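Written below as structure tokens is the structure these notes are about.
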4 protein chains.
Amino acid sequence: MTSPSTPTSSAVDRPVRIALIGSGRIGQVHALGVHRSEGAALQVVADPFIAGAESLVARFGGRATADALAAITADDVDAVVVASPTSTHVDLIAACLDAGKPVLCEKPIDLDIARVDGLRERAAQASVPVALGFNRRFDPHFAELHRRVQAGEIGPLEQLTITSRDPAPAPEDYIRASGGIFRDMTIHDFDTARWFVPDVVAVTAVGLRQFSDVTARHDDYDGAVVTLVGAGGQSVSITNSRHCAAGYDQRLEATGPLGTLTVGNATDTLVRSSTGASGDSSAPFQTFFLERYSQAYSAELEAFLSAVRGGPMTSPGFEDGRAALVLADAAGASAREGRTVRVDLSA
Amino acid sequence: MTSPSTPTSSAVDRPVRIALIGSGRIGQVHALGVHRSEGAALQVVADPFIAGAESLVARFGGRATADALAAITADDVDAVVVASPTSTHVDLIAACLDAGKPVLCEKPIDLDIARVDGLRERAAQASVPVALGFNRRFDPHFAELHRRVQAGEIGPLEQLTITSRDPAPAPEDYIRASGGIFRDMTIHDFDTARWFVPDVVAVTAVGLRQFSDVTARHDDYDGAVVTLVGAGGQSVSITNSRHCAAGYDQRLEATGPLGTLTVGNATDTLVRSSTGASGDSSAPFQTFFLERYSQAYSAELEAFLSAVRGGPMTSPGFEDGRAALVLADAAGASAREGRTVRVDLSA
Amino acid sequence: MTSPSTPTSSAVDRPVRIALIGSGRIGQVHALGVHRSEGAALQVVADPFIAGAESLVARFGGRATADALAAITADDVDAVVVASPTSTHVDLIAACLDAGKPVLCEKPIDLDIARVDGLRERAAQASVPVALGFNRRFDPHFAELHRRVQAGEIGPLEQLTITSRDPAPAPEDYIRASGGIFRDMTIHDFDTARWFVPDVVAVTAVGLRQFSDVTARHDDYDGAVVTLVGAGGQSVSITNSRHCAAGYDQRLEATGPLGTLTVGNATDTLVRSSTGASGDSSAPFQTFFLERYSQAYSAELEAFLSAVRGGPMTSPGFEDGRAALVLADAAGASAREGRTVRVDLSA
Amino acid sequence: MTSPSTPTSSAVDRPVRIALIGSGRIGQVHALGVHRSEGAALQVVADPFIAGAESLVARFGGRATADALAAITADDVDAVVVASPTSTHVDLIAACLDAGKPVLCEKPIDLDIARVDGLRERAAQASVPVALGFNRRFDPHFAELHRRVQAGEIGPLEQLTITSRDPAPAPEDYIRASGGIFRDMTIHDFDTARWFVPDVVAVTAVGLRQFSDVTARHDDYDGAVVTLVGAGGQSVSITNSRHCAAGYDQRLEATGPLGTLTVGNATDTLVRSSTGASGDSSAPFQTFFLERYSQAYSAELEAFLSAVRGGPMTSPGFEDGRAALVLADAAGASAREGRTVRVDLSA
């Protein structure tokens, strides 16, 4: 499925030296990814929770610091991976731009479109790659589906269907700070939608309150159904839920006049069983995003490293991060007000 | 898959004698169904195009007439199957009610809700079964999924997803008279939705114009995405298109807290192939409704016959036919006006 | 899946009048089949257990008799279906040949090859169709696979794999009289093998004693693995078991240089589920042969009726029945003696 | 699917230093595996074709040498991976035993059972791990199936079915030196069989000559069907072919009284398509063993490293390598002589 990377000889000569900001769950994913990459080295890990940084450094090398700015500006750092809390993203991206350091920042840029827009102009003029961590674009299965749509296999895309259900609701603390389902969960689907249909012009969203007292208590939804329409008349249907019995439900389906391409759920094993209860039964879906998107995280990092080394920028960028947030806000308004909200992502 | 019906002995003693109104494509399906049933006999076929009626009579017995009313009122007719053009349905149902004859009428009752409402009171007070031909409720696969949802296998239903694509657009003459995609095509999906979620309270529809000059010329859509919300907070997502490369795309998916149940597309054969082009490949979907729903038409007829013989009325009835039309009209308004339309089906 | 038969007009003029010999489980299947066929009528049912014959006649018409020979020779009988115990088959086929009546006889012809050979010459010279009830050739799925192999889709057949497992062992009384697994159960697979590879030249069989005291007590096997080789070098692998947890396991796979065609197990429903226990789960296989091969029995009858009416003989015939028994006997010898047994089916 | 290895702290302190013998296709796989492992380092690569060794060293570190014995005996080498031609395996394993170095040797030990038996006694008394490279035992899917059989999910194993087809015949030079299909190709399946049924007692093999002039010219087969029987009465069916249109056909199926477990073919992508030609179509199978078993090679190495560090020996060992060759020779005799060959693997 994945072939060993074949870096240019110069890259082999000197790996890209990475400063990693944040040593939490996603930070650990990126640290392992840097370790496994033939073209990168972990130089600094920054986290005010210094024990977290030190633990990663012990496993994968580099030095630990509590000072993110020092890490970003260090002379021996070539590029930055931001995996810290959302509220720090805008300032850290700004610091990277100041330091002229390429940056791969986890999504979302911020929960507040005003703060995002405050950085928009500078990001647009940046001379270094600013990549956003929309990992699903790098899932090999979704990417293969995308490639085949782009190659014309189904003709012009007409209808895209995205199913995205989490295995179980996040804890209340997480929900409280999440910015709501559209900015926290659906935002991935908005980016997936724009990967296929960049020019979304209309958002129609229905928020659902089906099972969770926690999300209801925070005036949030535990499910959603969203319909987007593109400038070319394409439809995108998104179905979300905060729970799913069989695991992490992540499906994608693209239809055009010549056919339909689908990606179903991934399981840990090809083993299937037939018993008195079922003639054909698979394992449950992979548990959650760390399992389902482990290959995507690697590919996301490699794409960023390639851009750092001067290759083409194939990662989603700042504008993609902003557009997803605009769609999330539009979906929130649509759900509240019971009307289709028109958007102009280029404005 | 289906076991031979085991009618009560009295039914065997005397089959239900059927008057069939209409000898077109659907009329022929019902004529064959009556022939094959152990508990029914074809007594009269009425069609102003008398050659059509005569052809069916030659194959399956009974007599032919051009006069539908005479057929309905004939002394040797126990029950009526209406398979004539939509515009005749209201009057023919009324005639059956006048004659005290049970009637199974093809959908829709009418394209005009005012005409439907004009008959509503009388239908509600009818002493004989008035069944509507929403065939999908009788598809053995959809019915099995419905049974398992009702049995609680997935817990309370949260999200229902209906995918329904025709293989190719109907001819322009058909489109012109169809009443629009919501009243002609989505109406089946509205009834399927109400089978699971009877109390729909909100309709949000997006109409699509993606490929067909013909539907656009008649101010109609060639695709649609509709979101319904039930009184219990359930969502129903409907995706329609007037074309589909692989055939008649008919899928159903129901999700609740304990799991998801799906019915995928049916193929004519279990044969699958692996070749240099594909490791696992099936036949295309069954071509269209006559193939896909052949078992459903039989089961629909048997359910009606059972009610005629005094069994419980398990078929969708007049109110179901009316509700589907109300939802279709609401979807039309929603798509035109870009807003969620609230409905009260009990009003 | 199946289209209504389109008999020639003469056939419609007068249905083929059938004498059915035997009113047991298979006899009932054939009686229902005759009833449903547009081109046949049940004229006589013969069974020394007269109540069985009378019960069928009450449902489907005709007259009952205890005298099989009288039924066969009756002037108002056009053709005979033999569904009586195996030990009666040779004499009943002979009686049909004497009477010049076409006959469809359930498999096997007999358990004793000497008795079969005693009738061989006369059967070869018969002027009427003698059809053997190897129902699997008429399963629409296996038939479609066969058609595609014949059409060259996979190139010349190289390897055929037949999996055939019963849901549970037959009762001891059945086992005692069955003639052993090769003549009772594998015989179907031998015929399937010869449908694809008529000229089998070598038989290598391994008999298994894995779970059943009953079969062991009767010096029989409860499973078997058989390898056949055809004159063209093709291999056929047969796997049998007398039990299977998921139901009646009936699979077929054909491989050639251009690909593989498979028929997997049939289920009663397209409904699949995903739950905490499985991401994708189907119903168990169809229970047993009456369910799995219900369509095959109809098609088998229609093929016979077509030959009776003068159409081409497409059913397996006497020589096919004999060849399957020769292979069964060779498999028995191979399993007992631990060697490959060469056969000459034309001898 | 795989989680990062969590070596003991001592292992982290000092990676296992590996001498790799052979820099061909499989040598390269092992070199990359050592590089990616957290617990191993590539110390020496030995190959008389010194440019091959140097190329691996340039990518992954260590030193290159033409002298295998020097590499094995080097003080800074902890363990040896043998990926050189088959004819060298016996001597290299012996050298490792002399040097007290753990060794992971590619299969087969040798094509000549006499040479294998010459080393048998010493291997049995070795104080270091001697692991054989039967990679399929480490495939995560086959391993999961094996684990579930061992856990009793299907009850006692009754029938095992192994399908193993190469995508295309090897070149004539390879065929000439291969030792024949049973010792070259089926040997993997014999080991898989023994993983489930260690005590095989009978071998019945049929060799096929279906399409390849090359294999026929070398008195070899291009396909085979083999039936093994275990001491407990279990059957194992193996189907081999030297070609397969859809890629590398690698399937496994285990049946017991409680059910069947299967592993189907792996594809590079979860993307499936529906078009006018097929309602559901996957990608072809993964091309060949490097793709299909890439995860297996990693897991095989980790299991060996774990044993080197003092953990339990979970890899197949010398006796497994010998047993597979005994079965291959028995299959050759069975195919030539048309009889079942009984074997005693403990003799």
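Following the order of the structure tokens, first chain is A, next is B, and so on, with residues numbered from 1 inside each chain and ligands from 1 in the order they appear.
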
Provide as a short mmCIF file (atom, residue, chain, number, x, y, z; two decimals) with N, CA and C atoms, in the first residue's frame the residues of chain A at most 10 Å from chain B, counting only C-alpha atoms.
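Generated file (iface_6.cif):
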```
data_model
loop_
_atom_site.label_atom_id
_atom_site.label_comp_id
_atom_site.auth_asym_id
_atom_site.auth_seq_id
_atom_site.Cartn_x
_atom_site.Cartn_y
_atom_site.Cartn_z
N ILE A 154 -15.68 8.67 -13.20
CA ILE A 154 -17.15 8.69 -13.08
C ILE A 154 -17.77 9.87 -13.83
N PRO A 156 -18.10 14.03 -14.61
CA PRO A 156 -18.16 15.14 -13.65
C PRO A 156 -18.92 14.74 -12.38
N LEU A 157 -18.34 15.04 -11.25
CA LEU A 157 -18.96 14.68 -9.97
C LEU A 157 -20.33 15.33 -9.84
N GLU A 158 -21.33 14.54 -9.45
CA GLU A 158 -22.66 15.07 -9.22
C GLU A 158 -23.05 15.05 -7.74
N GLN A 159 -22.85 13.92 -7.09
CA GLN A 159 -23.29 13.80 -5.70
C GLN A 159 -22.20 13.16 -4.87
N THR A 161 -21.36 11.81 -0.95
CA THR A 161 -21.99 11.45 0.31
C THR A 161 -20.91 11.10 1.33
N ALA A 168 -18.06 7.23 20.10
CA ALA A 168 -18.76 7.59 21.33
C ALA A 168 -18.52 9.07 21.59
N ALA A 202 -23.78 27.02 -1.07
CA ALA A 202 -24.96 27.00 -0.20
C ALA A 202 -24.84 25.89 0.84
N VAL A 203 -25.28 26.23 2.04
CA VAL A 203 -25.19 25.30 3.17
C VAL A 203 -26.57 25.16 3.81
N THR A 204 -27.04 23.92 3.91
CA THR A 204 -28.32 23.65 4.57
C THR A 204 -28.06 22.58 5.62
N ALA A 205 -28.26 22.94 6.87
CA ALA A 205 -27.90 22.02 7.95
C ALA A 205 -29.08 21.79 8.88
N VAL A 206 -29.18 20.56 9.35
CA VAL A 206 -30.15 20.20 10.38
C VAL A 206 -29.37 19.62 11.55
N GLY A 207 -29.53 20.23 12.71
CA GLY A 207 -28.87 19.70 13.91
C GLY A 207 -29.79 18.74 14.62
N LEU A 208 -29.22 17.69 15.17
CA LEU A 208 -30.02 16.65 15.82
C LEU A 208 -29.68 16.55 17.30
N ARG A 209 -30.70 16.33 18.10
CA ARG A 209 -30.48 16.04 19.53
C ARG A 209 -31.18 14.72 19.81
N GLN A 210 -30.41 13.66 19.75
CA GLN A 210 -31.02 12.34 19.75
C GLN A 210 -30.76 11.52 21.00
N PHE A 211 -29.64 11.71 21.63
CA PHE A 211 -29.33 10.77 22.73
C PHE A 211 -28.49 11.37 23.84
N GLY A 223 -25.80 15.05 16.62
CA GLY A 223 -25.80 14.55 15.25
C GLY A 223 -26.15 15.69 14.32
N ALA A 224 -25.92 15.48 13.04
CA ALA A 224 -26.23 16.53 12.07
C ALA A 224 -26.36 15.92 10.69
N VAL A 225 -27.20 16.56 9.89
CA VAL A 225 -27.29 16.23 8.48
C VAL A 225 -27.11 17.55 7.72
N VAL A 226 -26.12 17.60 6.86
CA VAL A 226 -25.80 18.84 6.16
C VAL A 226 -25.80 18.59 4.66
N THR A 227 -26.39 19.50 3.92
CA THR A 227 -26.35 19.44 2.46
C THR A 227 -25.63 20.68 1.95
N LEU A 228 -24.58 20.46 1.17
CA LEU A 228 -23.87 21.56 0.51
C LEU A 228 -24.18 21.51 -0.98
N VAL A 229 -24.17 22.67 -1.59
CA VAL A 229 -24.29 22.72 -3.04
C VAL A 229 -23.10 23.51 -3.58
N GLY A 232 -20.99 24.37 -9.31
CA GLY A 232 -21.33 23.59 -10.50
C GLY A 232 -22.58 22.76 -10.32
N GLY A 233 -23.34 23.00 -9.24
CA GLY A 233 -24.58 22.27 -9.03
C GLY A 233 -24.39 20.93 -8.33
N GLN A 234 -23.17 20.60 -7.92
CA GLN A 234 -22.93 19.33 -7.20
C GLN A 234 -23.57 19.39 -5.81
N SER A 235 -24.02 18.24 -5.36
CA SER A 235 -24.49 18.16 -3.98
C SER A 235 -23.50 17.38 -3.12
N VAL A 236 -23.41 17.78 -1.88
CA VAL A 236 -22.62 17.03 -0.90
C VAL A 236 -23.53 16.78 0.30
N SER A 237 -23.70 15.51 0.66
CA SER A 237 -24.52 15.16 1.82
C SER A 237 -23.61 14.66 2.93
N ILE A 238 -23.75 15.25 4.10
CA ILE A 238 -22.93 14.85 5.25
C ILE A 238 -23.85 14.35 6.35
N THR A 239 -23.56 13.16 6.86
CA THR A 239 -24.29 12.63 8.00
C THR A 239 -23.31 12.43 9.16
N ASN A 240 -23.60 13.05 10.27
CA ASN A 240 -22.74 12.96 11.46
C ASN A 240 -23.51 12.40 12.63
N SER A 241 -22.80 11.66 13.46
CA SER A 241 -23.34 11.33 14.76
C SER A 241 -22.19 11.25 15.75
N HIS A 243 -22.14 9.14 18.10
CA HIS A 243 -21.88 7.76 18.53
C HIS A 243 -22.16 6.78 17.39
N CYS A 244 -21.56 5.61 17.51
CA CYS A 244 -21.75 4.56 16.51
C CYS A 244 -21.34 3.23 17.13
N ALA A 245 -22.26 2.27 17.11
CA ALA A 245 -22.03 1.00 17.82
C ALA A 245 -20.83 0.23 17.28
N ALA A 246 -20.62 0.27 15.96
CA ALA A 246 -19.60 -0.60 15.36
C ALA A 246 -18.23 0.04 15.31
N GLY A 247 -18.08 1.25 15.84
CA GLY A 247 -16.77 1.91 15.83
C GLY A 247 -16.83 3.25 15.12
N THR A 255 -20.58 10.08 -6.82
CA THR A 255 -21.36 9.61 -7.96
C THR A 255 -21.31 10.61 -9.10
N GLY A 256 -21.14 10.10 -10.27
CA GLY A 256 -21.22 10.91 -11.48
C GLY A 256 -21.96 10.11 -12.54
N PRO A 257 -22.06 10.66 -13.74
CA PRO A 257 -22.87 9.98 -14.76
C PRO A 257 -22.32 8.61 -15.15
N LEU A 258 -21.03 8.37 -14.93
CA LEU A 258 -20.46 7.09 -15.36
C LEU A 258 -20.34 6.06 -14.24
N GLY A 259 -20.66 6.45 -13.02
CA GLY A 259 -20.57 5.46 -11.95
C GLY A 259 -20.44 6.07 -10.58
N THR A 260 -20.27 5.20 -9.62
CA THR A 260 -20.11 5.58 -8.23
C THR A 260 -18.84 4.93 -7.69
N SER A 334 -27.56 27.97 9.68
CA SER A 334 -28.64 27.27 8.96
C SER A 334 -29.47 26.42 9.91
N ALA A 335 -28.78 25.68 10.77
CA ALA A 335 -29.49 24.79 11.70
C ALA A 335 -30.34 25.60 12.67
N GLU A 337 -31.57 28.65 12.24
CA GLU A 337 -32.58 29.50 11.63
C GLU A 337 -33.49 28.76 10.65
N GLY A 338 -33.21 27.50 10.37
CA GLY A 338 -34.08 26.73 9.48
C GLY A 338 -34.11 27.25 8.07
N ARG A 339 -32.95 27.66 7.57
CA ARG A 339 -32.91 28.17 6.20
C ARG A 339 -31.57 27.82 5.57
N THR A 340 -31.55 27.81 4.25
CA THR A 340 -30.30 27.64 3.51
C THR A 340 -29.48 28.92 3.63
N VAL A 341 -28.20 28.78 3.92
CA VAL A 341 -27.30 29.94 4.02
C VAL A 341 -26.36 29.92 2.82
N ARG A 342 -26.34 31.01 2.11
CA ARG A 342 -25.43 31.09 0.96
C ARG A 342 -24.08 31.63 1.42
#
```

Need to verify the contact set: Thr88 of chain B, 12 Å, only C-alpha atoms, exclusion of same-chain residues closer than 3 positions in sequence. Can you return it as a short mmCIF file (atom, residue, chain, number, x, y, z; two decimals) with N, CA and C atoms, in the first residue's frame?
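Saved to selection.cif:
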```cif
data_model
loop_
_atom_site.label_atom_id
_atom_site.label_comp_id
_atom_site.auth_asym_id
_atom_site.auth_seq_id
_atom_site.Cartn_x
_atom_site.Cartn_y
_atom_site.Cartn_z
N ILE B 21 -58.04 -2.72 -13.29
CA ILE B 21 -58.28 -1.55 -14.13
C ILE B 21 -56.94 -1.08 -14.68
N GLY B 22 -56.75 -1.22 -15.97
CA GLY B 22 -55.49 -0.82 -16.59
C GLY B 22 -54.66 -2.03 -16.99
N ASP B 47 -59.90 -1.71 -19.70
CA ASP B 47 -58.99 -0.71 -20.27
C ASP B 47 -59.68 -0.14 -21.50
N ALA B 68 -64.48 0.75 -16.99
CA ALA B 68 -63.95 0.50 -15.65
C ALA B 68 -65.06 0.43 -14.61
N LEU B 69 -66.04 1.32 -14.74
CA LEU B 69 -67.11 1.34 -13.73
C LEU B 69 -67.90 0.03 -13.74
N VAL B 82 -56.34 -1.05 -9.09
CA VAL B 82 -56.32 0.10 -10.00
C VAL B 82 -54.90 0.36 -10.47
N ALA B 83 -54.69 0.19 -11.77
CA ALA B 83 -53.37 0.39 -12.36
C ALA B 83 -53.48 1.28 -13.60
N SER B 84 -54.41 2.20 -13.53
CA SER B 84 -54.65 3.11 -14.65
C SER B 84 -53.89 4.42 -14.42
N PRO B 85 -53.95 5.39 -15.35
CA PRO B 85 -53.20 6.64 -15.17
C PRO B 85 -53.61 7.38 -13.88
N ASP B 91 -61.22 9.21 -8.90
CA ASP B 91 -62.57 8.78 -9.29
C ASP B 91 -62.77 7.28 -9.15
N LEU B 92 -61.74 6.52 -9.46
CA LEU B 92 -61.88 5.06 -9.38
C LEU B 92 -61.94 4.59 -7.94
N ILE B 93 -61.13 5.20 -7.08
CA ILE B 93 -61.24 4.85 -5.65
C ILE B 93 -62.65 5.19 -5.15
N ALA B 94 -63.13 6.37 -5.55
CA ALA B 94 -64.48 6.78 -5.13
C ALA B 94 -65.51 5.76 -5.61
N ALA B 95 -65.34 5.29 -6.83
CA ALA B 95 -66.29 4.30 -7.35
C ALA B 95 -66.23 3.00 -6.56
N CYS B 105 -54.86 0.57 -4.98
CA CYS B 105 -54.63 1.58 -6.03
C CYS B 105 -53.16 1.91 -6.10
N GLU B 106 -52.65 1.96 -7.31
CA GLU B 106 -51.26 2.38 -7.51
C GLU B 106 -51.06 3.80 -6.99
N LYS B 107 -49.84 4.10 -6.57
CA LYS B 107 -49.51 5.45 -6.11
C LYS B 107 -49.27 6.32 -7.33
N PRO B 108 -49.38 7.65 -7.29
CA PRO B 108 -49.94 8.40 -6.17
C PRO B 108 -51.46 8.48 -6.29
N ILE B 109 -52.12 8.91 -5.23
CA ILE B 109 -53.58 9.07 -5.31
C ILE B 109 -53.90 10.10 -6.38
N ASP B 110 -53.17 11.20 -6.33
CA ASP B 110 -53.34 12.26 -7.32
C ASP B 110 -52.15 13.20 -7.18
N LEU B 111 -51.94 14.05 -8.15
CA LEU B 111 -50.85 15.03 -8.02
C LEU B 111 -51.33 16.29 -7.29
N ARG B 115 -57.53 17.62 -4.59
CA ARG B 115 -58.37 16.50 -5.03
C ARG B 115 -58.28 15.35 -4.03
N VAL B 116 -57.08 15.13 -3.50
CA VAL B 116 -56.91 14.06 -2.52
C VAL B 116 -57.73 14.37 -1.27
#
```

Quick one: DSSP strand (DSSP E) residues in segment 136-296 of chain A, as a ChimeraX atom specification? /A:159-165,200-208,223-230,235-241,249-256,259-263,271-275

Which of segment 43-258 of chain B fall in alpha helix (DSSP H), as a VMD selection string: chain B and resid 50 to 60 68 to 73 89 to 99 113 to 124 140 to 150 172 to 177 181 to 184 186 to 196 213 to 217

Could you give me, as a PyMOL selection string, the residues within 10 Å of Met313 of chain B, counting only C-alpha atoms and dropping anything in the same chain fewer than 5 positions from it? chain B and resi 128-131+303-308

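Atom CA of Val80 of chain D sits 14.5 Å away from atom CA of Val29 of chain D.
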
Shell around Arg176 of chain D at 10 Å using only C-alpha atoms, local window under 2 positions removed, as a list in words: Ala170, Pro171, Glu172, Asp173, Tyr174, Ser178, Gly179, Gly180, Val214, Thr215, Arg217, His218, Asp219 and Asp220 of chain D

Check the smallest atom-to-atom distance from each of D:Val77, D:Ala46, D:Phe182, D:Arg63 to Pro15 of chain D using only C-alpha atoms, then report the winner.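 Of D:Val77, D:Ala46, D:Phe182, D:Arg63, the one nearest Pro15 of chain D, counting only C-alpha atoms, is D:Val77.
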
For Ala58 of chain B, work out the shell of residues within 12 Å, counting only C-alpha atoms and skipping chain neighbours fewer than 3 positions away, then give it as a CSV table (one decimal) with N, CA, C and O atoms, in the first residue's frame.
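As a result, selection_2.csv now contains:
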```csv
chain,number,residue,atom,x,y,z
B,31,ALA,N,-51.6,-8.6,-13.2
B,31,ALA,CA,-52.4,-9.7,-13.8
B,31,ALA,C,-51.6,-11.0,-13.6
B,31,ALA,O,-52.2,-12.0,-13.2
B,32,LEU,N,-50.3,-10.9,-13.8
B,32,LEU,CA,-49.5,-12.1,-13.5
B,32,LEU,C,-49.5,-12.5,-12.1
B,32,LEU,O,-49.6,-13.7,-11.7
B,35,HIS,N,-52.7,-14.3,-11.3
B,35,HIS,CA,-52.6,-15.6,-11.9
B,35,HIS,C,-51.8,-16.6,-11.0
B,35,HIS,O,-52.2,-17.7,-10.7
B,42,LEU,N,-58.4,-13.8,-11.8
B,42,LEU,CA,-58.6,-12.6,-12.7
B,42,LEU,C,-60.0,-12.7,-13.3
B,42,LEU,O,-60.2,-13.6,-14.1
B,43,GLN,N,-60.9,-11.8,-12.9
B,43,GLN,CA,-62.2,-11.9,-13.4
B,43,GLN,C,-62.5,-11.0,-14.5
B,43,GLN,O,-63.1,-11.3,-15.5
B,44,VAL,N,-62.0,-9.7,-14.4
B,44,VAL,CA,-62.3,-8.7,-15.4
B,44,VAL,C,-61.0,-7.9,-15.6
B,44,VAL,O,-60.4,-7.6,-14.6
B,45,VAL,N,-60.7,-7.5,-16.8
B,45,VAL,CA,-59.6,-6.5,-17.0
B,45,VAL,C,-60.3,-5.4,-17.8
B,45,VAL,O,-60.9,-5.6,-18.9
B,51,ALA,N,-57.5,-3.7,-26.6
B,51,ALA,CA,-56.6,-4.7,-27.0
B,51,ALA,C,-55.7,-5.1,-25.9
B,51,ALA,O,-55.3,-6.3,-25.8
B,52,GLY,N,-55.3,-4.2,-25.1
B,52,GLY,CA,-54.5,-4.4,-23.9
B,52,GLY,C,-55.2,-5.4,-22.9
B,52,GLY,O,-54.6,-6.3,-22.5
B,53,ALA,N,-56.4,-5.0,-22.7
B,53,ALA,CA,-57.2,-5.9,-21.8
B,53,ALA,C,-57.4,-7.3,-22.3
B,53,ALA,O,-57.2,-8.3,-21.6
B,54,GLU,N,-57.7,-7.3,-23.6
B,54,GLU,CA,-57.9,-8.7,-24.2
B,54,GLU,C,-56.6,-9.5,-24.2
B,54,GLU,O,-56.7,-10.7,-24.0
B,55,SER,N,-55.5,-8.9,-24.4
B,55,SER,CA,-54.2,-9.6,-24.4
B,55,SER,C,-54.0,-10.3,-23.0
B,55,SER,O,-53.6,-11.4,-22.9
B,61,GLY,N,-57.0,-15.5,-18.3
B,61,GLY,CA,-58.4,-15.8,-18.1
B,61,GLY,C,-59.1,-14.5,-17.7
B,61,GLY,O,-58.6,-13.4,-17.7
B,62,GLY,N,-60.5,-14.7,-17.5
B,62,GLY,CA,-61.3,-13.5,-17.2
B,62,GLY,C,-61.9,-12.9,-18.5
B,62,GLY,O,-61.7,-13.5,-19.6
B,63,ARG,N,-62.6,-11.8,-18.3
B,63,ARG,CA,-63.2,-11.1,-19.5
B,63,ARG,C,-62.6,-9.7,-19.6
B,63,ARG,O,-62.2,-9.1,-18.6
B,64,ALA,N,-62.7,-9.2,-20.8
B,64,ALA,CA,-62.1,-7.8,-21.0
B,64,ALA,C,-63.3,-6.8,-21.2
B,64,ALA,O,-64.3,-7.2,-21.8
C,9,SER,N,-47.1,-21.3,-28.6
C,9,SER,CA,-48.6,-21.2,-28.6
C,9,SER,C,-49.2,-22.6,-28.4
C,9,SER,O,-50.2,-22.8,-27.7
C,12,VAL,N,-49.4,-23.6,-24.9
C,12,VAL,CA,-50.5,-22.9,-24.2
C,12,VAL,C,-51.8,-23.6,-24.5
C,12,VAL,O,-52.7,-23.8,-23.6
C,13,ASP,N,-52.0,-24.0,-25.7
C,13,ASP,CA,-53.2,-24.7,-26.1
C,13,ASP,C,-53.5,-25.9,-25.2
C,13,ASP,O,-54.6,-26.1,-24.7
```

Within 9 Å of Ala323 of chain C, counting only C-alpha atoms, which residues qualify if same-chain residues fewer than 4 places away don't, as a PyMOL selection string? chain C and resi 190-191+194+318-319+327-328+345-346

Selection near Val326 of chain A, 10 Å with only C-alpha atoms, sequence-local residues under 3 positions removed, as a VMD selection string: chain A and resid 112 to 113 183 187 190 320 to 323 329 to 332 343 to 345

Hey, can you check how far atom CA of Arg292 of chain D sits from atom CA of Ala266 of chain A?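 Atom CA of Ala266 of chain A lies 17.0 Å from atom CA of Arg292 of chain D.
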
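If you look at atom CA of Ala277 of chain C and atom CA of Asp268 of chain A, they are 13.2 Å away from each other.
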